[in-house]
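Have a look at run38.txt; it's compact mmCIF, C-alpha atoms and all ligand atoms:
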# COMPACT_ATOMS: atom_id res chain seq x y z
CA MET V 1 0.00 0.00 0.00
CA PRO V 2 1.49 3.38 -0.97
CA VAL V 3 2.96 5.06 2.09
CA GLN V 4 1.27 8.32 1.11
CA LYS V 5 -2.18 6.75 1.46
CA THR V 6 -1.53 5.33 4.94
CA THR V 7 0.15 8.51 6.14
CA ILE V 8 -2.82 10.60 5.04
CA ALA V 9 -5.29 8.10 6.55
CA GLN V 10 -3.45 8.21 9.88
CA ALA V 11 -3.50 12.01 9.91
CA LEU V 12 -7.23 12.08 9.10
CA LEU V 13 -7.93 9.64 11.97
CA GLN V 14 -6.27 12.06 14.39
CA ALA V 15 -8.04 15.12 12.96
CA ARG V 16 -11.27 16.57 14.34
CA ARG V 17 -11.39 19.53 11.93
CA ILE V 18 -10.52 18.98 8.26
CA VAL V 19 -10.41 21.39 5.32
CA VAL V 20 -10.54 20.01 1.78
CA PHE V 21 -9.23 22.60 -0.69
CA THR V 22 -10.07 21.79 -4.31
CA GLY V 23 -9.34 23.04 -7.82
CA ALA V 24 -10.30 22.14 -11.36
CA GLY V 25 -8.56 18.74 -11.18
CA MET V 26 -11.23 17.71 -8.67
CA SER V 27 -13.81 17.87 -11.49
CA ALA V 28 -11.61 16.52 -14.31
CA GLU V 29 -12.86 12.92 -13.96
CA SER V 30 -16.40 14.20 -14.28
CA GLY V 31 -15.36 15.41 -17.72
CA ILE V 32 -15.04 19.10 -16.78
CA ALA V 33 -12.00 20.72 -18.42
CA THR V 34 -9.17 21.98 -16.25
CA PHE V 35 -7.49 25.33 -16.91
CA ARG V 36 -3.80 24.72 -17.35
CA ASN V 37 -2.46 21.22 -17.28
CA ALA V 38 -3.62 19.51 -20.46
CA PRO V 39 -3.72 20.24 -24.21
CA ASP V 40 -7.52 20.58 -24.01
CA SER V 41 -7.39 22.78 -20.91
CA LEU V 42 -9.47 25.93 -21.07
CA TRP V 43 -6.64 28.45 -21.21
CA ALA V 44 -5.02 26.44 -23.99
CA LYS V 45 -8.14 26.88 -26.10
CA PHE V 46 -9.57 30.19 -24.99
CA ASN V 47 -8.05 33.60 -24.36
CA THR V 48 -8.02 34.27 -20.63
CA ARG V 49 -8.19 38.04 -21.08
CA GLU V 50 -11.16 37.77 -23.47
CA MET V 51 -13.10 35.31 -21.31
CA ALA V 52 -12.16 35.86 -17.67
CA THR V 53 -11.61 39.58 -17.16
CA ARG V 54 -13.93 42.60 -16.81
CA GLN V 55 -12.42 44.11 -19.94
CA GLY V 56 -13.22 40.95 -21.91
CA TRP V 57 -16.79 41.20 -20.70
CA ARG V 58 -17.02 44.87 -21.65
CA ASP V 59 -15.57 44.11 -25.08
CA ASN V 60 -17.96 41.27 -25.91
CA LYS V 61 -20.67 40.31 -23.39
CA GLU V 62 -22.36 37.90 -25.82
CA ARG V 63 -19.16 35.86 -26.33
CA VAL V 64 -18.41 35.65 -22.61
CA TRP V 65 -22.00 34.86 -21.60
CA ALA V 66 -22.17 32.07 -24.23
CA TRP V 67 -18.88 30.62 -22.94
CA TYR V 68 -19.98 30.50 -19.32
CA GLU V 69 -23.40 29.13 -20.27
CA GLY V 70 -21.68 26.40 -22.27
CA ARG V 71 -19.56 25.53 -19.22
CA ARG V 72 -22.68 25.54 -17.02
CA GLY V 73 -24.37 23.16 -19.48
CA ALA V 74 -21.37 20.79 -19.31
CA VAL V 75 -21.69 20.69 -15.50
CA MET V 76 -25.45 20.06 -15.71
CA GLN V 77 -24.84 17.15 -18.10
CA THR V 78 -22.33 15.36 -15.88
CA GLU V 79 -22.35 13.86 -12.41
CA PRO V 80 -20.07 14.09 -9.38
CA HIS V 81 -17.59 11.17 -9.32
CA GLY V 82 -16.48 8.86 -6.49
CA GLY V 83 -13.98 11.41 -5.25
CA HIS V 84 -16.69 14.02 -4.66
CA VAL V 85 -18.77 11.38 -2.87
CA ALA V 86 -15.78 10.31 -0.76
CA ILE V 87 -15.28 13.88 0.46
CA ALA V 88 -18.99 14.10 1.30
CA GLN V 89 -18.77 10.86 3.33
CA LEU V 90 -15.37 11.35 4.99
CA ALA V 91 -16.60 12.93 8.23
CA SER V 92 -19.18 10.20 8.88
CA VAL V 93 -16.71 7.42 8.02
CA LEU V 94 -14.25 8.86 10.54
CA LYS V 95 -16.95 9.16 13.21
CA ALA V 96 -17.99 5.55 12.62
CA ARG V 97 -14.35 4.60 13.19
CA HIS V 98 -13.48 6.53 16.36
CA GLY V 99 -16.82 7.82 17.66
CA HIS V 100 -15.83 11.50 17.62
CA SER V 101 -17.59 14.16 15.60
CA VAL V 102 -15.49 15.56 12.78
CA GLN V 103 -16.06 18.94 11.11
CA LEU V 104 -15.19 18.85 7.41
CA ASP V 105 -15.34 21.96 5.24
CA VAL V 106 -14.79 22.19 1.50
CA VAL V 107 -13.07 25.33 0.19
CA THR V 108 -13.18 25.25 -3.59
CA GLN V 109 -11.82 27.40 -6.41
CA ASN V 110 -14.26 25.61 -8.70
CA VAL V 111 -17.37 27.28 -10.05
CA ASP V 112 -19.27 24.02 -10.58
CA ASN V 113 -21.77 22.49 -8.14
CA LEU V 114 -20.41 18.95 -8.05
CA HIS V 115 -19.39 19.00 -4.37
CA GLU V 116 -22.92 20.04 -3.38
CA ARG V 117 -24.52 17.47 -5.67
CA ALA V 118 -22.33 14.75 -4.09
CA GLY V 119 -23.73 15.70 -0.67
CA SER V 120 -21.09 18.04 0.78
CA ALA V 121 -22.86 20.51 3.05
CA ASN V 122 -20.26 23.14 3.90
CA VAL V 123 -18.84 24.34 0.57
CA ILE V 124 -17.14 27.73 0.25
CA HIS V 125 -16.70 29.01 -3.32
CA LEU V 126 -13.71 31.38 -3.46
CA HIS V 127 -14.17 32.12 -7.19
CA GLY V 128 -17.96 32.13 -7.35
CA SER V 129 -20.34 29.83 -9.17
CA LEU V 130 -21.67 29.23 -12.68
CA PHE V 131 -25.10 28.93 -11.04
CA ALA V 132 -25.18 32.33 -9.37
CA PRO V 133 -25.27 35.11 -11.99
CA ARG V 134 -25.82 38.63 -10.73
CA CYS V 135 -26.81 42.00 -12.08
CA MET V 136 -24.05 44.37 -13.26
CA ALA V 137 -26.13 47.37 -12.22
CA CYS V 138 -27.80 46.49 -8.91
CA ASP V 139 -25.75 43.39 -7.92
CA GLU V 140 -28.97 41.43 -7.22
CA PRO V 141 -28.82 37.67 -7.91
CA GLY V 142 -30.12 36.89 -11.39
CA GLU V 143 -32.45 34.24 -12.78
CA LEU V 144 -30.98 31.69 -15.18
CA ALA V 145 -33.04 30.54 -18.16
CA PRO V 146 -34.64 27.13 -17.51
CA GLY V 147 -33.42 24.11 -19.50
CA MET V 148 -30.04 23.12 -20.86
CA PRO V 149 -27.81 25.86 -22.27
CA ASP V 150 -26.60 25.24 -25.84
CA PRO V 151 -22.80 24.65 -25.63
CA THR V 152 -22.36 25.21 -29.39
CA LEU V 153 -23.34 28.90 -29.24
CA MET V 154 -20.46 31.34 -29.66
CA ALA V 155 -22.59 34.37 -28.82
CA LEU V 156 -25.58 34.71 -26.53
CA PRO V 157 -27.01 37.97 -25.21
CA PRO V 158 -26.85 37.97 -21.40
CA PRO V 159 -30.30 38.05 -19.73
CA ARG V 160 -31.66 41.21 -18.15
CA CYS V 161 -32.10 41.71 -14.41
CA GLN V 162 -35.71 41.36 -13.27
CA HIS V 163 -35.31 44.20 -10.79
CA CYS V 164 -33.68 46.94 -12.87
CA GLN V 165 -33.26 45.60 -16.42
CA GLY V 166 -29.45 45.79 -16.09
CA TYR V 167 -27.30 43.07 -17.69
CA LEU V 168 -26.66 39.86 -15.74
CA ARG V 169 -23.01 38.74 -15.57
CA PRO V 170 -21.53 35.32 -14.66
CA GLY V 171 -21.30 35.01 -10.85
CA VAL V 172 -17.59 34.18 -10.98
CA VAL V 173 -14.43 36.04 -9.89
CA TRP V 174 -12.49 37.21 -12.95
CA PHE V 175 -8.78 38.01 -13.02
CA GLY V 176 -8.16 41.39 -11.46
CA GLU V 177 -11.34 41.09 -9.39
CA GLU V 178 -11.27 40.66 -5.66
CA MET V 179 -12.43 37.35 -4.24
CA PRO V 180 -15.55 37.56 -2.02
CA GLN V 181 -14.03 38.73 1.24
CA THR V 182 -16.56 37.01 3.54
CA GLU V 183 -15.84 33.65 1.97
CA PHE V 184 -12.08 34.24 1.91
CA ARG V 185 -12.00 35.25 5.58
CA GLN V 186 -14.18 32.23 6.46
CA ALA V 187 -11.71 30.01 4.59
CA GLU V 188 -8.76 31.59 6.40
CA ASP V 189 -10.43 30.97 9.77
CA LEU V 190 -11.17 27.34 8.86
CA VAL V 191 -7.53 26.80 7.90
CA ASP V 192 -6.36 28.41 11.16
CA ALA V 193 -8.62 26.07 13.15
CA CYS V 194 -8.09 22.84 11.20
CA ASP V 195 -5.98 19.84 12.16
CA ALA V 196 -5.51 18.57 8.60
CA MET V 197 -5.91 19.94 5.06
CA LEU V 198 -6.29 17.94 1.85
CA VAL V 199 -5.35 19.84 -1.31
CA VAL V 200 -6.96 18.14 -4.31
CA GLY V 201 -6.59 18.98 -7.99
CA THR V 202 -5.11 22.44 -7.99
CA SER V 203 -2.00 23.78 -9.74
CA GLY V 204 -1.62 26.32 -6.95
CA VAL V 205 -0.84 29.17 -9.34
CA VAL V 206 -3.85 31.40 -8.69
CA TRP V 207 -3.59 33.96 -5.92
CA PRO V 208 -4.68 34.83 -3.29
CA ALA V 209 -6.44 31.39 -3.07
CA ALA V 210 -3.07 29.61 -3.15
CA GLU V 211 -2.20 31.35 0.12
CA LEU V 212 -4.51 29.05 2.06
CA PRO V 213 -2.50 25.79 1.81
CA ILE V 214 0.70 27.78 2.32
CA ASN V 215 -0.74 29.32 5.52
CA ALA V 216 -1.70 25.82 6.69
CA HIS V 217 1.88 24.70 6.18
CA HIS V 218 3.33 27.68 8.09
CA LEU V 219 0.86 27.00 10.90
CA GLY V 220 2.26 23.47 11.20
CA LYS V 221 -0.91 21.75 10.02
CA PHE V 222 -0.81 18.37 8.31
CA VAL V 223 -1.24 19.28 4.61
CA ALA V 224 -1.34 16.65 1.86
CA GLU V 225 -1.80 17.00 -1.88
CA ILE V 226 -3.71 14.57 -4.09
CA ASN V 227 -2.62 15.31 -7.64
CA PRO V 228 -1.10 13.16 -10.40
CA GLU V 229 1.47 15.96 -10.88
CA PRO V 230 3.27 17.85 -8.08
CA SER V 231 1.72 21.34 -8.04
CA GLU V 232 3.30 24.71 -7.21
CA LEU V 233 2.23 23.90 -3.66
CA ALA V 234 4.03 20.53 -3.47
CA LYS V 235 6.98 21.99 -1.54
CA TYR V 236 4.58 22.96 1.28
CA MET V 237 3.06 19.48 1.52
CA ARG V 238 3.82 16.87 4.21
CA VAL V 239 2.69 14.31 1.60
CA GLN V 240 2.33 14.52 -2.19
CA TRP V 241 0.27 11.51 -3.33
CA PRO V 242 0.61 11.12 -7.11
CA THR V 243 -2.90 9.87 -7.76
CA SER V 244 -6.16 11.28 -9.08
CA ALA V 245 -9.16 12.57 -7.17
CA ALA V 246 -11.53 9.83 -8.33
CA GLN V 247 -8.99 7.08 -7.53
CA GLY V 248 -7.26 8.38 -4.42
CA LEU V 249 -10.14 9.69 -2.33
CA PRO V 250 -12.28 6.50 -2.46
CA GLN V 251 -9.15 4.46 -1.65
CA LEU V 252 -8.61 6.64 1.43
CA LEU V 253 -12.13 5.85 2.60
CA ASP V 254 -11.56 2.12 1.99
CA VAL V 255 -8.53 2.26 4.29
CA LEU V 256 -10.45 4.22 6.92
CA ARG V 257 -13.46 1.86 6.78
CA ALA V 258 -11.25 -1.23 6.97
CA GLY V 259 -9.86 -0.15 10.32
C1 LIG V 301 -7.03 39.48 -7.60
C2 LIG V 301 -12.67 32.54 -13.03
C3 LIG V 301 -6.71 41.80 -7.27
C4 LIG V 301 -13.82 31.70 -12.92
C5 LIG V 301 -10.48 32.30 -12.15
C6 LIG V 301 -0.70 37.75 -6.10
C7 LIG V 301 -1.68 38.22 -5.25
C8 LIG V 301 -2.93 38.57 -5.75
C9 LIG V 301 -3.22 38.43 -7.12
C10 LIG V 301 -2.25 37.96 -7.95
C11 LIG V 301 -0.99 37.61 -7.45
N1 LIG V 301 -0.25 37.18 -8.50
C12 LIG V 301 -1.01 37.22 -9.62
C13 LIG V 301 -2.22 37.71 -9.34
C14 LIG V 301 -3.28 37.93 -10.31
C15 LIG V 301 -4.19 36.73 -10.47
C16 LIG V 301 -3.45 35.42 -10.51
O1 LIG V 301 -3.43 34.69 -9.54
N2 LIG V 301 -2.88 35.10 -11.66
C17 LIG V 301 -2.16 33.84 -11.81
C18 LIG V 301 -2.71 33.09 -13.02
C19 LIG V 301 -0.70 34.18 -11.93
N3 LIG V 301 -5.18 36.69 -9.41
C20 LIG V 301 -6.30 37.39 -9.57
O2 LIG V 301 -6.52 38.10 -10.52
C21 LIG V 301 -7.34 37.27 -8.46
N4 LIG V 301 -7.81 38.57 -8.17
O3 LIG V 301 -5.99 39.24 -7.09
O4 LIG V 301 -7.55 40.74 -7.72
C22 LIG V 301 -7.51 42.65 -6.40
C23 LIG V 301 -7.25 42.67 -5.03
C24 LIG V 301 -7.98 43.52 -4.24
C25 LIG V 301 -8.97 44.32 -4.80
C26 LIG V 301 -9.25 44.27 -6.17
C27 LIG V 301 -8.52 43.43 -6.98
C28 LIG V 301 -8.56 36.49 -8.94
C29 LIG V 301 -8.22 35.08 -9.24
C30 LIG V 301 -9.48 34.30 -9.68
C31 LIG V 301 -9.51 34.30 -11.16
N5 LIG V 301 -10.62 33.49 -11.64
N6 LIG V 301 -11.48 31.74 -12.78
C32 LIG V 301 -13.78 30.70 -14.03
O5 LIG V 301 -13.81 31.09 -15.21
O6 LIG V 301 -13.74 29.51 -13.67
S1 LIG V 301 -9.02 31.48 -12.05
C33 LIG V 301 -9.16 29.81 -12.42
O7 LIG V 301 -7.95 29.24 -11.88
C34 LIG V 301 -10.28 29.05 -11.76
O8 LIG V 301 -10.97 29.76 -10.77
C35 LIG V 301 -9.53 27.89 -11.13
O9 LIG V 301 -10.21 27.32 -10.10
C36 LIG V 301 -8.31 28.58 -10.69
C37 LIG V 301 -7.15 27.77 -10.22
O10 LIG V 301 -6.87 26.80 -11.21
P1 LIG V 301 -6.89 25.28 -10.71
O11 LIG V 301 -8.22 25.05 -10.08
O12 LIG V 301 -5.70 25.01 -9.90
O13 LIG V 301 -6.88 24.47 -12.08
P2 LIG V 301 -5.63 24.22 -13.04
O14 LIG V 301 -6.18 23.79 -14.35
O15 LIG V 301 -4.68 25.38 -12.95
O16 LIG V 301 -4.86 22.96 -12.38
C38 LIG V 301 -5.50 21.69 -12.37
C39 LIG V 301 -4.68 20.82 -11.46
O17 LIG V 301 -5.37 19.60 -11.29
C40 LIG V 301 -3.30 20.48 -12.00
O18 LIG V 301 -2.34 20.56 -10.98
C41 LIG V 301 -3.45 19.02 -12.46
O19 LIG V 301 -2.25 18.29 -12.30
C42 LIG V 301 -4.49 18.52 -11.49
N7 LIG V 301 -5.31 17.42 -12.00
C43 LIG V 301 -5.67 17.16 -13.28
N8 LIG V 301 -6.46 16.06 -13.30
C44 LIG V 301 -6.61 15.65 -12.01
C45 LIG V 301 -5.88 16.51 -11.18
N9 LIG V 301 -5.83 16.36 -9.85
C46 LIG V 301 -6.52 15.34 -9.31
N10 LIG V 301 -7.25 14.47 -10.04
C47 LIG V 301 -7.31 14.59 -11.38
N11 LIG V 301 -8.04 13.71 -12.12
ZN ZN V 302 -30.38 44.79 -11.48

Take the structure from the file and write it as structure tokens.
Ligand code: BV8
Ligand code: ZN
Amino acid sequence: MPVQKTTIAQALLQARRIVVFTGAGMSAESGIATFRNAPDSLWAKFNTREMATRQGWRDNKERVWAWYEGRRGAVMQTEPHGGHVAIAQLASVLKARHGHSVQLDVVTQNVDNLHERAGSANVIHLHGSLFAPRCMACDEPGELAPGMPDPTLMALPPPRCQHCQGYLRPGVVWFGEEMPQTEFRQAEDLVDACDAMLVVGTSGVVWPAAELPINAHHLGKFVAEINPEPSELAKYMRVQWPTSAAQGLPQLLDVLRAG
């Protein structure tokens, strides 16, 4: 049995507060494209400035709205995988093993809803959500059109706000935009209070989100990475387990259930 798996399992057994920090690699085995690590990654195919900045939105709202709607459609057409389910079950599996309550929080950079659909209750979205558009003018949450968005569209006029007729925008954090401070501070507090942190499927290149695992390391927490490739955060990890989210996480639960 790989030493990384048993080391992580041991640390989780000792932990009473766990943070699971996830990135696009967490959703890769559900068929959702990552951003940077593969030839079909999003930033290899699309222009980051055109699609994920305020200026890109100002230049061509229809192109950007169509792109995010296409990504939302891809999430709606897929399912969470065994790794998402393992995270959702981890706290109860640990309690069944040692009888203590365990608090597990998910802090994700992802804008999909796969953690929630797998049953995770406490999910903090640092970069927003594809499912939470809001009005450019009055900042009210917007209504999404019912049904499945058409992923083939290259241009789609953004809907209008029902309160003030302003344009809706994707409810995500673009480059150059500040992360939601309430969520970020919540995440920082959870990291300060945790005993162990799992870092799953992130390249660790996007700031300030990447600060969180680094803070955990400096605070002496047990931090482990589950990623087929060592990320930019690997040097801060107690353990780097070169496996995937959908393979590694269920295997961890098997070890913890076996006792
Ligand atoms: C800000 C939008 C300023 C939503 C995204 C230092 C400090 C502060 C800012 C900066 C800084 N240095 C640079 C910056 C600017 C910038 C930044 O970080 N740039 C980087 C690229 C250098 N940061 C910002 O602009 C941030 N804003 O700082 O504003 C400010 C401050 C105050 C007041 C006003 C303004 C905003 C950053 C958020 C940008 N939004 N997305 C969307 O379209 O989705 S970023 C995008 O990257 C996504 O959110 C994504 O979640 C995030 C991180 O990517 P990853 O999730 O890590 O995914 P990636 O593809 O990179 O890696 C996948 C990993 O998974 C790989 O390691 C791979 O090996 C692994 N993997 C693959 N398959 C699997 C797997 N792992 C497990 N299992 C598998 N099967
Ligand atoms: Zn409005």

Original post:
Suppose you want the space between atom CA of V:Gly73 and atom CA of V:Ala145; what is it in Å?
Top reply: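 It comes out at 11.5 Å.
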
**OP:** Kindly compile the residues surrounding ligand LIG 301 (chain V) within 7 Å, counting all atoms listed in the file, and format them as a VMD selection string.
**Re:** chain V and resid 22 to 26 28 to 29 34 to 37 41 52 109 to 111 127 to 128 172 to 179 200 to 208 226 to 231 243 to 246

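When atom CA of V:Ser120 is paired with atom CA of V:Val93, their separation reads 13.6 Å.
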
**OP:** Please provide the set of residues having any atom within 6 Å of stretch 148-162 of chain V, restricted to only C-alpha atoms, with same-chain residues fewer than 6 positions apart removed, written as a list of chain:residue names.
**Re:** V:Glu62, V:Arg63, V:Trp65, V:Ala66, V:Glu69, V:Gly70, V:Gly73, V:Cys135, V:Leu168

Considering only C-alpha atoms and all ligand atoms, give me a table of residues in chain V that are at most 7 Å from ligand ZN 302 (chain V), with the closest atom pair and distance in Å for each, as CSV.
residue,atom,partner,partner_atom,distance
V:Cys135,CA,V:ZN302,ZN,4.6
V:Met136,CA,V:ZN302,ZN,6.6
V:Ala137,CA,V:ZN302,ZN,5.0
V:Cys138,CA,V:ZN302,ZN,4.0
V:Asp139,CA,V:ZN302,ZN,6.0
V:Glu140,CA,V:ZN302,ZN,5.6
V:Cys161,CA,V:ZN302,ZN,4.6
V:Gln162,CA,V:ZN302,ZN,6.6
V:His163,CA,V:ZN302,ZN,5.0
V:Cys164,CA,V:ZN302,ZN,4.2
V:Gln165,CA,V:ZN302,ZN,5.8
V:Gly166,CA,V:ZN302,ZN,4.8

**OP:** Identify, on the basis of all atoms listed in the file, every residue whose closest approach to V:Gly99 does not exceed 12 Å; exclude the query and any residue fewer than 4 positions from it along the same chain; express the result as a PyMOL selection string.
**Re:** chain V and resi 13-14+16+91-95

Subject >> Atom-to-atom span, atom CA of V:Cys194 and atom CA of V:Phe222, Å >> reply: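 Result for atom CA of V:Cys194 versus atom CA of V:Phe222: 9.0 Å, one decimal.
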
Subject >> Of the listed residues V:Ala258, V:Asn215, V:Gln251, V:Ile32, that which approaches V:Pro2 most closely, counting all atoms listed in the file >> reply: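 That would be V:Gln251, the residue with the smallest distance to V:Pro2.
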
**OP:** Using only C-alpha atoms, pick whichever of V:His81, V:Arg72, V:Arg117, V:His98 has the shortest atom-to-atom distance to V:Gly171.
**Re:**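 Closest residue, counting only C-alpha atoms: V:Arg72.
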
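Closest approach to V:Asp112 among V:Asn60, V:Ser129, V:Gln240, V:Gln10: V:Ser129, based on only C-alpha atoms.
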
Subject >> Test item: residues at most 9 Å from V:Leu144, all atoms listed in the file, excluding those fewer than 3 positions along its chain, as a count of residues only >> reply: 4

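In this comparison, which uses all atoms listed in the file, the residue of V:Glu211, V:His218, V:Leu90, V:Pro180 approaching V:Ala9 most closely is V:Leu90.
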
**OP:** List the neighbours of V:Ile124 out to 7 Å using all atoms listed in the file; skip same-chain residues closer than 6 positions along the sequence, and give me the result as a list in words.
**Re:**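 Within the cut-off, the hits are Val106, Val107, Thr108 and Glu183 of chain V.
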
Original post:
Looking at V:Tyr236, V:Trp241, V:Trp67, V:Phe21, which one is nearest to V:Asn122, with distances taken over all atoms listed in the file?
Top reply: V:Phe21

Original post:
Pick from V:Ala196, V:Val191, V:Val3, V:Leu130: nearest to V:Met76, with all atoms listed in the file counted?
Top reply: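 Ranked by minimum distance to V:Met76, first place goes to V:Leu130.
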
Original post:
Could you pull the residues within 8 Å of V:Val223, counting all atoms listed in the file, minus those fewer than 2 positions along the same chain, as a ChimeraX atom specification?
Top reply: /V:196-199,213,216-217,221,225,236-239
